[in-house]
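Heads up, the thing below is written out as structure tokens.
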Amino acid sequence: MIVRNKPRIWELAFALRGSVVPHIAGPLLSLVLIAGALVWLEQSYHPLPAIDATPFTVFGIALSLFLGFRNNAAYDRWWEARRLWGGLLADLRSFAREARLFVQDEPLRREMLEVALSFLHLHRASLRRRTEAIEDGLAEFRDAAHPPDAALDRLGQLMAGALARGAIDGFGARTLSARLSSMALQQAGCERIAGTPLPFVYSLLIYRTTYLYCLMLPLALIGAAGWLTPLFVGVAAYVFLGLAEVSEELSQPFGDNVNALPLDAICRAAEISLAPHLGQQAPAPLLPKDFHLT
Amino acid sequence: MIVRNKPRIWELAFALRGSVVPHIAGPLLSLVLIAGALVWLEQSYHPLPAIDATPFTVFGIALSLFLGFRNNAAYDRWWEARRLWGGLLADLRSFAREARLFVQDEPLRREMLEVALSFLHLHRASLRRRTEAIEDGLAEFRDAAHPPDAALDRLGQLMAGALARGAIDGFGARTLSARLSSMALQQAGCERIAGTPLPFVYSLLIYRTTYLYCLMLPLALIGAAGWLTPLFVGVAAYVFLGLAEVSEELSQPFGDNVNALPLDAICRAAEISLAPHLGQQAPAPLLPKDFHLT
Amino acid sequence: MIVRNKPRIWELAFALRGSVVPHIAGPLLSLVLIAGALVWLEQSYHPLPAIDATPFTVFGIALSLFLGFRNNAAYDRWWEARRLWGGLLADLRSFAREARLFVQDEPLRREMLEVALSFLHLHRASLRRRTEAIEDGLAEFRDAAHPPDAALDRLGQLMAGALARGAIDGFGARTLSARLSSMALQQAGCERIAGTPLPFVYSLLIYRTTYLYCLMLPLALIGAAGWLTPLFVGVAAYVFLGLAEVSEELSQPFGDNVNALPLDAICRAAEISLAPHLGQQAPAPLLPKDFHLT
Amino acid sequence: MIVRNKPRIWELAFALRGSVVPHIAGPLLSLVLIAGALVWLEQSYHPLPAIDATPFTVFGIALSLFLGFRNNAAYDRWWEARRLWGGLLADLRSFAREARLFVQDEPLRREMLEVALSFLHLHRASLRRRTEAIEDGLAEFRDAAHPPDAALDRLGQLMAGALARGAIDGFGARTLSARLSSMALQQAGCERIAGTPLPFVYSLLIYRTTYLYCLMLPLALIGAAGWLTPLFVGVAAYVFLGLAEVSEELSQPFGDNVNALPLDAICRAAEISLAPHLGQQAPAPLLPKDFHLT
Amino acid sequence: MIVRNKPRIWELAFALRGSVVPHIAGPLLSLVLIAGALVWLEQSYHPLPAIDATPFTVFGIALSLFLGFRNNAAYDRWWEARRLWGGLLADLRSFAREARLFVQDEPLRREMLEVALSFLHLHRASLRRRTEAIEDGLAEFRDAAHPPDAALDRLGQLMAGALARGAIDGFGARTLSARLSSMALQQAGCERIAGTPLPFVYSLLIYRTTYLYCLMLPLALIGAAGWLTPLFVGVAAYVFLGLAEVSEELSQPFGDNVNALPLDAICRAAEISLAPHLGQQAPAPLLPKDFHLT
């Protein structure tokens, strides 16, 4: 995630960090060059049909609406993913407090909290489809068919054992298992977002329409705008391709692009909150590097 | 569901898998031919009234808004259906853990989990209105008036028996029955989506308006665009009919089109998660074939 | 509710069942005739001021946005009502299972389920403001100030009696009363929708604006479109009046129009689900007649 | 709240009850007169610059979008307020049933219900910032810093006393206090809406933009429309000022305008539902007077 | 938060308090001056290419849609933040009542309520990144890694101690810990909003597009509008930059701008509600100063 204040005037002109321009520079340049070539053709041989700009108004508005829809959907996915991780953070904190309340057995409680933290790290690694990052403490779950699930199953086993030998009572079992199922719900929500992309048919429809629009736009502008045509085409392509690219990135909130959610930082926040319960020194919060928080 | 990365430039031009073009090729071609015929008529005999393009702007914007509304509603149905199945997956995982916690009787617990998995398969078959796919293990429920309901009723009976003979206590009964009612709520949500289509009157209104628009559009373009008219009509028809068709498909998330939800894969995910609780080897996750995940 | 597949080409031209055309035929025809009269006046005496079409663009877009807002609000009411009834169906099924779990007294349980079904029928009749349809078994509640409420009160009394004499324990009382209050919440939600129409001021604002637009539109078209003017006015009136009428109907999901929710079919689904718990044969599900499901 | 059927043709022309016209008549007339004066100036001395209407298209569309946003936000506030009161009604009904279940002490239960009804009346008076309307029975809470809160505190005290002397058990205490906290949540929601207006900066931005638009519009129309200019300006002002005024009213759902929520009628519905529990005759429901339900 | 009635006519012209004009005065003036310079250039040397205004329609509509999206997202953040604080207020009130019900030990209960109030103040200070404002009573938590978390942990410890020595029973522990976890969820929600800004890429995209639009707009207007061009550019810049600035402020509901949420007033409301439970005199509610409520 890019953490940066409102852009200042000079940043507007030159900021690249967090900008979408580098991602769309290729197609952008191509479309501008094509428009330039058409103007040169027109100026030299007058071969192009002149078209009223009005049909492009409807076309452009329709395109804006489709891009707007996809952008909304992508942003909703991103924000829902953030909300789910916020919920997981709250769940871990509440789990620590509820364990304090209902589990008198200090080592058992500590083990529970450590497994819960492992779950969070495994869940993060699973969403990002990374395995190399798993630390030693998590080795127990590494080879499971579904590592985060295995961690939660382990938590369930700890509770079952505690209930069976009377270390927690019915109230405690009900409270702690409700917390566990809340974590499982948020986990399934994250997996849903990670595993179900926006319908591919939208991408095709929108990218096809955007390129068609930018390729045909010179026909409408060339008469009135002359050599300003490539500029207008460039601006239109920047706006439409830029938004399409942003939607693409935000719709994958667990990806490896700069707009992805700062899962490392949220996991660190959970470690900070659980440190007093584990009798540990709280680690320092993660800070953005070059405006980028991972 | 189509699982495919962001389309590359050459895919934009030629990709058919996951594209809406094959579904609308007929009407699209007809509209283009009609537009061509009108241009030929105009060029040969000049019989057509020339209309300012402005009224088409309002018409086109209104059409975009209506299509946008229907598309939003269809996508919401699709995404809500996905959320409900994600919730069912989380419920099954939590059910397994809660059964571990509150049910000491190993065979009973195993039977409960098997019935819960049967419920999921029956629910999937019921939503897709398929019966041939039901496996042997589910034969018990096949002839019920409402098979998934019968499976949940069986689960309820198992719990009632267990409570009556003291195999679970009040806390366990309350926890497990709450889980059961959560599954029933998600099941009813899916049946609501499957059984209540988008109001038919919208389809009529939108298809009628789209065809009227594409049939009348040549009148506005023919003067300025000449032989480019069929191209413009084709683009407009592609955008509007394409979106209408996508909405139609997404609004039936349990249908048999390629954009339908991958219920088979979600059921498999549930089997993977429940395998350790059943003492079984986890099966392999389902993978997309030719970009298509069922 | 109209249950019909995606319209085919020839249905687009002629389908009336589920169409909004019959409801707006009068105003539609009047507006077309007025436009025709204006053209005749213009052609015969040239008395009309010619207006640029541009102001109508803004007017039309504003109108589209207002209609779009009202349509969204109406559809949300319709869909929320459907969701509430889906929730009631899930509640009844869960109630039957929870009663099975916590109530050992067979006749009491049966009486509870029968009262719960009575509640559903009374709730439906109350929303549709019908009384003649109440069957014999519900006579007990017919004369209450608020019949569905009286049925739920009776359920509460049955539980209170059972708890007082030890037929259910604290866990059962808590579970069953939570289910009861969930039903009461959904009931109040339905009554909210039935009793609180969309603000009347929107209807006035939107119908007034729509008629003004269609009456003034000929002034903008008459110069360029000539005798096509009535056609354009007709199309615009069809789109705008049609959407206004659809919004009107969908905003009353418990009314007696063809787009109203199929409450009879949902009640029947509840009867099918509860039949095994009552030891009865499940009745057949309701099917649409002439595409219409009540 | 105005309760009125879909307006008929003649009502469209003349209905004032529930219409927004009387509220905006002053500014509307002023803008029309200014436009008329500009036409007279133009016709007599030709001093005005003629402007293409196109910039007004963008201006008008931007204005429509902003008004649309504010209207959405205002309607959401209104509908959320209605939902909260619907939830309170359901809560009171469920509270009565839960008290019946868990509180055997008849006078105590009756006192609880009476305090709960007092809470509802005090909450209504507090939202409407009225104090004269408080009846005798509520005198106990009148002088508290926050009267509805004091009523809920009293309910809490009654429960605490009952639990302390064994009149309710743990299950009852948990159920009733959960109901109490649900009421408190809905109460806080209503206070949030009543105490947090829509950001003032939107009102400024929107009213300023609307007036600028209507004042500048004659410049674009005067050439083509001549003496029809004031008519067009009047229609635009009616649409934009009308919507701004409606948003203003709906955003204050507890105000004293005719679109405010019918809190008196909802309180009466609660009295009707609680009457059987209090052993009283149910009062008659409130009916609208001159289409107005308070 | 600005608390002010609907602006009157003369306030529309001159109100600065709560207006966005002072924040955008610099860029606004620059754009107007640049437009003026271009007109002077055009009038003196006729060097500028004349462009049809139509491409600006699409550009302007696209810009409106993007600004509309960002504005929606920003307002949703603001309103969600307000809802979370409303929920915290309800939670504190319910916590006081539940403590009254389940905790008989008067001093313990009082300590719990004081810690809960401390949590609210620390949470407010943490969101606003202020530390100087922390009062003496909160010194205990000031040096913790996460002060509000430390306060909630202290609450958890008090409960755990009480449960261990029998001062509360299982029902009380479950009820109070559920309340605690509800507070933690709302706290995490606020931290999510405070710590996750709107994606920076939107700001870049929108500010860049807005400036490009306002800089290029003179090219389209200069021919028809002449010396009115700077006026039109000024209005467009006011509308677009104004909305961008408002979105920026509202998206940071815990910031130090005048549109930020009145957290001080909400904390005071909590103190007023808890005063009777602490046996204290309720303080006076906070009132806005110069229309500004902090």
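Chain labels run A, B, ... following the order of the structure tokens; each chain numbers its residues from 1, and ligands are numbered from 1 in the order shown.
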With only C-alpha atoms as the counted atoms, please give the residues lying no more than 7 Å from Phe200 in chain D, apart from itself and same-chain residues fewer than 2 positions off, as a list of chain:residue names.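 The contact residues come out as D:Leu198, D:Tyr202, D:Ser203, D:Leu204, E:Ile2, E:Arg4, E:Gly18.
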Would you list the contacts of range 259-268 of chain D as a list in words, taking every protein, DNA or RNA residue within 6 Å and counting only C-alpha atoms, but skipping same-chain residues closer than 3 positions in sequence?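 With the cut-off at 6 Å, the set is Met1, Pro253, Phe254, Gly255, Glu271, Leu286, Leu293 and Thr294 of chain D.
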Return as a Markdown table the residues of chain D lying at most 8 Å from chain C, together with the closest atom-to-atom pair for each and the distance in Å to one decimal, counting only C-alpha atoms, with rows in chain order and ascending residue number.
```
| residue | atom | partner | partner_atom | distance |
| --- | --- | --- | --- | --- |
| D:Met1 | CA | C:Pro199 | CA | 7.6 |
| D:Ile2 | CA | C:Phe200 | CA | 6.2 |
| D:Val3 | CA | C:Phe200 | CA | 7.1 |
| D:Arg4 | CA | C:Phe200 | CA | 6.7 |
| D:Lys6 | CA | C:Ser203 | CA | 7.0 |
| D:Pro7 | CA | C:Leu204 | CA | 6.8 |
| D:Leu12 | CA | C:Arg208 | CA | 6.0 |
| D:Ala13 | CA | C:Arg208 | CA | 7.6 |
| D:Gly18 | CA | C:Val201 | CA | 5.7 |
| D:Ser19 | CA | C:Val201 | CA | 5.6 |
| D:Val20 | CA | C:Val201 | CA | 6.8 |
| D:Ala53 | CA | C:Thr54 | CA | 6.4 |
| D:Thr54 | CA | C:Thr54 | CA | 7.1 |
| D:Phe56 | CA | C:Val58 | CA | 7.9 |
| D:Thr57 | CA | C:Val58 | CA | 5.6 |
| D:Gly60 | CA | C:Val58 | CA | 5.7 |
| D:Ile61 | CA | C:Val58 | CA | 6.4 |
| D:Ser64 | CA | C:Ala62 | CA | 5.6 |
| D:Leu65 | CA | C:Leu65 | CA | 7.8 |
| D:Gly68 | CA | C:Leu65 | CA | 7.0 |
| D:Asn72 | CA | C:Phe69 | CA | 7.4 |
| D:Arg82 | CA | C:Arg192 | CA | 7.6 |
| D:Arg83 | CA | C:Arg192 | CA | 7.4 |
| D:Gly86 | CA | C:Ala188 | CA | 5.8 |
| D:Gly87 | CA | C:Leu185 | CA | 6.5 |
| D:Leu89 | CA | C:Ala188 | CA | 7.1 |
| D:Ala90 | CA | C:Leu185 | CA | 5.2 |
| D:Asp91 | CA | C:Leu185 | CA | 7.5 |
| D:Arg93 | CA | C:Ala184 | CA | 7.5 |
| D:Ser94 | CA | C:Ser181 | CA | 5.3 |
| D:Arg97 | CA | C:Gly156 | CA | 5.7 |
| D:Glu98 | CA | C:Ser177 | CA | 6.8 |
| D:Arg100 | CA | C:Ala160 | CA | 6.5 |
| D:Leu101 | CA | C:Ala160 | CA | 4.3 |
| D:Phe102 | CA | C:Ala160 | CA | 7.4 |
| D:Phe171 | CA | C:Gly170 | CA | 5.9 |
| D:Gly172 | CA | C:Arg174 | CA | 7.8 |
| D:Thr175 | CA | C:Arg174 | CA | 6.8 |
| D:Leu221 | CA | C:Pro55 | CA | 7.8 |
| D:Ala224 | CA | C:Ile51 | CA | 5.5 |
| D:Ala225 | CA | C:Ile51 | CA | 5.4 |
| D:Ala236 | CA | C:Phe59 | CA | 7.3 |
| D:Val239 | CA | C:Thr209 | CA | 7.3 |
| D:Gly242 | CA | C:Leu205 | CA | 7.6 |
| D:Val246 | CA | C:Val201 | CA | 7.5 |
| D:Asn259 | CA | C:Pro199 | CA | 7.0 |
| D:Ile272 | CA | C:Ala145 | CA | 7.2 |
| D:Ser273 | CA | C:Asp149 | CA | 7.0 |
| D:Ala282 | CA | C:Ala145 | CA | 6.7 |
```
Which residues are near Ser251 in chain E? Cut-off 7 Å, only C-alpha atoms, ignore same chain within fewer than 3 positions. Put them as a count of residues only. 6
Quick one: residues within 12 Å of His46 in chain E, only C-alpha atoms counted, chain neighbours fewer than 6 positions away excluded, as an MDAnalysis selection string? chainID E and resid 38:40 219 222:223 226
Enter the distance from CA of Ala15 in chain E to CA of Asp290 in chain E, in Å, rounded to one decimal. 12.3 Å
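CA of Pro283 in chain A is positioned 23.0 Å from CA of Ala151 in chain A.
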